Amino acid sequence: MSQIRIGIAGLGIVGAETARQIISSQDILSRRAGKNLKIIAVSARHKAKDRGFPLDDIVFYTDPLKLLDHDDIDVIIELIGGEGGVALSLCQKALQAGKHIITANKAMIAHHGFSLSKLAEDNNVTLQFEAAVAGGIPAIKILREGLAGNQIETVAGILNGTCNYILSEMTSSNSAFLDVLKEAQHKGFAEADPSFDIDGVDAAHKLAILSTIAFEQKIEFSSLSISGIRNVSDIDINYAAKLGYCLKLLGIAQRGGPAEVTMALISDDEQLALVNGALNAVSYSGAPVQSSICIGPGAGAGPTSSAVLADLIDISRGLANYPYGSPVDLLSEQKLASQTSKEQCYYLRIAVTDKPGVLSQISAVLRDHGLSIASMIQNGQSEEGPVFLVLTTHKCAKIDIEQAAEVIGNTDHVLDSPMVIPIFDKGFFS
């Protein structure tokens, strides 16, 4: 049996688990790959750390670029991370040298995927990044292969396990955001600096990749509208439940429409509403399939290394092809409509002092911006704290609700900027 010789850059939890799996399950993985899988060299900051696999017959480097000195390496698995820097340089030089690349680096692919894919094509090698999106869910493989005969119209998903865990725990325990975030950090579901997760950037990287493949368009990361869960309150979760919704952070893209990462209210009997904890889910709709949803763990050593190994086996068997489903030059230029013109229903939560005439002032602002109220909830009188006024609107343009919210936030007796959250009613995802 011929060999596939491997170099691994980055031995964090995913890199170490990938190496352990290749070594401990070498017989079965090699049989599935049709070639003997052998790790030739690895790179990490420190050699002495115990990572659960022997280094006796493996060359170790602290500089990942040293992996390029090995002409005998066929595949480099890049698990360093980061949009640019040494990770990007390693991938560029490896592809130019005729080496296949497997990466879990969603930021790098979201920003540089088109140029890297073109490099792979020009050098008759492949770039694979199943592990960059939703870890244990074969979200890219399903889209690129299983649904290859479909015209995909909508991609929607829970693309960040940290945010989904936080929102799920806030819902089940009626806890405040900061308390659940600390718990998530303690359990390892959130980083010490959780900004990329809770501000929606991580999910946006994944959405840019998926929507490019789904629509066969060069979806630029900079074109996405991105917001996260940093300002979410248990108040909104409770009101959402009263209205028959649950609160999720979703990545949503439509063919010819906008692409965004946003908090959203979805009907509590939707499939995506039932995906809780640190799980991810991706839903595709199109023709002729109508709708398809996949659910599973989105991060961590096991799920992410599972995706890396799947790419490795595909490369070994000669099954890996164009990373975006077709050559980069055949991807059309981006055709996404403006976010501001998109029309849908909205949830509006306003904190006010309990004074006569406040409701009529707010109603007048909504009227002046062409917005009509679909439903309203107002909590009881309060002499000490704020009174919350919760409205849902009929369909309106995003720019109109945002402008109205800005005016309302500056109105007398309104205590803070209103919380505005889009509503996706039942049937949107099917």
# chains A, B, ... in the order shown; residues from 1 in each chain; ligands from 1
>>> select_by_dssp(residues="region 138-321 of chain A", states="strand (DSSP E or B)", output="number ranges by chain")
A: 151-158, 217-218, 225-226, 245-254, 259-267, 279-287, 290-297
>>> write_last_selection(atoms="N, CA and C atoms", output="tab-separated table (two decimals), in the first residue's frame")
chain	number	residue	atom	x	y	z
A	151	GLN	N	-30.85	23.48	-6.39
A	151	GLN	CA	-30.69	24.93	-6.40
A	151	GLN	C	-31.01	25.40	-4.98
A	152	ILE	N	-29.98	25.69	-4.20
A	152	ILE	CA	-30.18	26.11	-2.81
A	152	ILE	C	-30.60	27.57	-2.77
A	153	GLU	N	-31.67	27.84	-2.07
A	153	GLU	CA	-32.19	29.21	-1.98
A	153	GLU	C	-31.90	29.86	-0.64
A	154	THR	N	-31.84	29.06	0.44
A	154	THR	CA	-31.63	29.62	1.77
A	154	THR	C	-30.68	28.74	2.57
A	155	VAL	N	-29.73	29.38	3.24
A	155	VAL	CA	-28.88	28.73	4.23
A	155	VAL	C	-29.16	29.40	5.56
A	156	ALA	N	-29.49	28.61	6.57
A	156	ALA	CA	-29.75	29.17	7.89
A	156	ALA	C	-29.20	28.21	8.93
A	157	GLY	N	-28.62	28.76	9.98
A	157	GLY	CA	-28.08	27.83	10.96
A	157	GLY	C	-27.70	28.45	12.28
A	158	ILE	N	-27.59	27.57	13.25
A	158	ILE	CA	-26.99	27.88	14.54
A	158	ILE	C	-25.53	27.49	14.40
A	217	GLN	N	-21.43	31.85	-5.55
A	217	GLN	CA	-21.07	33.26	-5.68
A	217	GLN	C	-19.93	33.57	-4.71
A	218	LYS	N	-19.13	34.54	-5.06
A	218	LYS	CA	-18.04	34.96	-4.18
A	218	LYS	C	-18.60	35.89	-3.10
A	225	SER	N	-23.86	41.47	7.34
A	225	SER	CA	-24.30	42.24	8.50
A	225	SER	C	-24.13	41.33	9.73
A	226	ILE	N	-23.42	41.83	10.74
A	226	ILE	CA	-23.05	40.97	11.87
A	226	ILE	C	-23.44	41.63	13.19
A	245	TYR	N	-42.16	32.31	20.93
A	245	TYR	CA	-40.87	32.24	20.23
A	245	TYR	C	-39.76	31.84	21.18
A	246	CYS	N	-38.63	31.47	20.61
A	246	CYS	CA	-37.40	31.35	21.38
A	246	CYS	C	-36.34	32.20	20.68
A	247	LEU	N	-35.29	32.51	21.43
A	247	LEU	CA	-34.25	33.41	20.94
A	247	LEU	C	-33.01	32.61	20.55
A	248	LYS	N	-32.54	32.80	19.33
A	248	LYS	CA	-31.35	32.12	18.84
A	248	LYS	C	-30.45	33.12	18.11
A	249	LEU	N	-29.14	32.82	18.10
A	249	LEU	CA	-28.24	33.55	17.21
A	249	LEU	C	-28.16	32.74	15.93
A	250	LEU	N	-28.59	33.33	14.83
A	250	LEU	CA	-28.65	32.62	13.56
A	250	LEU	C	-27.77	33.29	12.52
A	251	GLY	N	-27.20	32.45	11.66
A	251	GLY	CA	-26.61	32.92	10.42
A	251	GLY	C	-27.60	32.61	9.31
A	252	ILE	N	-27.98	33.61	8.53
A	252	ILE	CA	-29.02	33.44	7.51
A	252	ILE	C	-28.57	34.11	6.22
A	253	ALA	N	-28.63	33.36	5.12
A	253	ALA	CA	-28.32	33.93	3.80
A	253	ALA	C	-29.33	33.40	2.80
A	254	GLN	N	-29.78	34.27	1.91
A	254	GLN	CA	-30.72	33.89	0.86
A	254	GLN	C	-30.14	34.24	-0.50
A	259	ALA	N	-27.29	38.57	3.61
A	259	ALA	CA	-26.65	37.57	4.46
A	259	ALA	C	-26.31	38.24	5.78
A	260	GLU	N	-26.71	37.63	6.88
A	260	GLU	CA	-26.52	38.27	8.18
A	260	GLU	C	-26.39	37.25	9.30
A	261	VAL	N	-25.70	37.68	10.34
A	261	VAL	CA	-25.69	36.97	11.61
A	261	VAL	C	-26.42	37.86	12.60
A	262	THR	N	-27.46	37.33	13.21
A	262	THR	CA	-28.31	38.17	14.04
A	262	THR	C	-29.02	37.34	15.10
A	263	MET	N	-29.31	37.97	16.24
A	263	MET	CA	-30.26	37.37	17.15
A	263	MET	C	-31.61	37.35	16.46
A	264	ALA	N	-32.36	36.30	16.67
A	264	ALA	CA	-33.64	36.18	15.98
A	264	ALA	C	-34.65	35.47	16.87
A	265	LEU	N	-35.89	35.87	16.74
A	265	LEU	CA	-37.00	35.15	17.36
A	265	LEU	C	-37.54	34.17	16.33
A	266	ILE	N	-37.58	32.89	16.69
A	266	ILE	CA	-38.14	31.88	15.81
A	266	ILE	C	-39.22	31.11	16.55
A	267	SER	N	-40.20	30.61	15.82
A	267	SER	CA	-41.31	29.88	16.43
A	267	SER	C	-40.76	28.74	17.26
A	279	LEU	N	-24.73	22.51	20.76
A	279	LEU	CA	-24.89	21.93	19.44
A	279	LEU	C	-24.98	23.00	18.36
A	280	ASN	N	-24.61	22.63	17.15
A	280	ASN	CA	-24.81	23.44	15.95
A	280	ASN	C	-25.88	22.79	15.09
A	281	ALA	N	-26.45	23.57	14.20
A	281	ALA	CA	-27.40	23.03	13.22
A	281	ALA	C	-27.34	23.89	11.97
A	282	VAL	N	-27.47	23.23	10.82
A	282	VAL	CA	-27.50	23.95	9.55
A	282	VAL	C	-28.70	23.46	8.76
A	283	SER	N	-29.49	24.41	8.26
A	283	SER	CA	-30.68	24.10	7.48
A	283	SER	C	-30.51	24.65	6.07
A	284	TYR	N	-30.80	23.81	5.08
A	284	TYR	CA	-30.76	24.23	3.68
A	284	TYR	C	-32.16	24.06	3.10
A	285	SER	N	-32.57	25.01	2.28
A	285	SER	CA	-33.82	24.85	1.55
A	285	SER	C	-33.58	25.20	0.08
A	286	GLY	N	-34.27	24.45	-0.78
A	286	GLY	CA	-34.09	24.65	-2.21
A	286	GLY	C	-34.90	23.63	-2.98
A	287	ALA	N	-34.59	23.48	-4.26
A	287	ALA	CA	-35.34	22.56	-5.12
A	287	ALA	C	-34.35	21.62	-5.80
A	290	GLN	N	-36.48	20.64	-1.18
A	290	GLN	CA	-37.35	21.44	-0.30
A	290	GLN	C	-36.58	21.89	0.94
A	291	SER	N	-36.32	20.99	1.90
A	291	SER	CA	-35.54	21.41	3.06
A	291	SER	C	-34.78	20.22	3.64
A	292	SER	N	-33.62	20.53	4.21
A	292	SER	CA	-32.79	19.51	4.84
A	292	SER	C	-32.07	20.16	6.00
A	293	ILE	N	-32.00	19.47	7.14
A	293	ILE	CA	-31.35	20.02	8.32
A	293	ILE	C	-30.39	18.98	8.89
A	294	CYS	N	-29.23	19.44	9.32
A	294	CYS	CA	-28.26	18.56	9.98
A	294	CYS	C	-27.87	19.17	11.31
A	295	ILE	N	-27.74	18.33	12.33
A	295	ILE	CA	-27.52	18.78	13.71
A	295	ILE	C	-26.37	17.97	14.31
A	296	GLY	N	-25.52	18.61	15.07
A	296	GLY	CA	-24.45	17.88	15.73
A	296	GLY	C	-23.52	18.81	16.48
A	297	PRO	N	-22.50	18.25	17.12
A	297	PRO	CA	-21.54	19.07	17.86
A	297	PRO	C	-20.69	19.89	16.91
>>> residues_around(residues="Asn276 (chain A)", least_positions_apart="5", cutoff="8 Å", atoms="only C-alpha atoms", output="PyMOL selection string")
chain A and resi 164-165+168
>>> write_last_selection(atoms="C-alpha atoms", output="short mmCIF file (atom, residue, chain, number, x, y, z; two decimals), in the first residue's frame")
data_model
loop_
_atom_site.label_atom_id
_atom_site.label_comp_id
_atom_site.auth_asym_id
_atom_site.auth_seq_id
_atom_site.Cartn_x
_atom_site.Cartn_y
_atom_site.Cartn_z
CA ASN A 164 -26.26 28.58 21.59
CA TYR A 165 -25.16 27.25 24.98
CA SER A 168 -30.16 27.81 26.00
#
>>> atom_distance(atom1="CA of Ile140 (chain A)", atom2="CA of Ser316 (chain A)")
18.4 Å
>>> residues_around(residues="Ala16 (chain A)", least_positions_apart="5", cutoff="8 Å", atoms="only C-alpha atoms", output="PyMOL selection string")
chain A and resi 11+51-53
>>> atom_distance(atom1="CA of Ile209 (chain A)", atom2="CA of Lys93 (chain A)")
22.2 Å
>>> atom_distance(atom1="CA of Glu169 (chain A)", atom2="CA of Asn238 (chain A)")
12.6 Å
>>> residues_around(residues="Ser306 (chain A)", least_positions_apart="2", cutoff="9 Å", atoms="only C-alpha atoms", output="ChimeraX atom specification")
/A:18,131,135-136,301-304,308-311
>>> closest_residue(among="A:Glu343, A:Asp57, A:Glu270, A:Asp368", to="Ile408 (chain A)", atoms="only C-alpha atoms")
A:Asp368
>>> closest_residue(among="A:Ile399, A:Ala184, A:Leu319, A:Leu67", to="Ala97 (chain A)", atoms="only C-alpha atoms")
A:Leu67
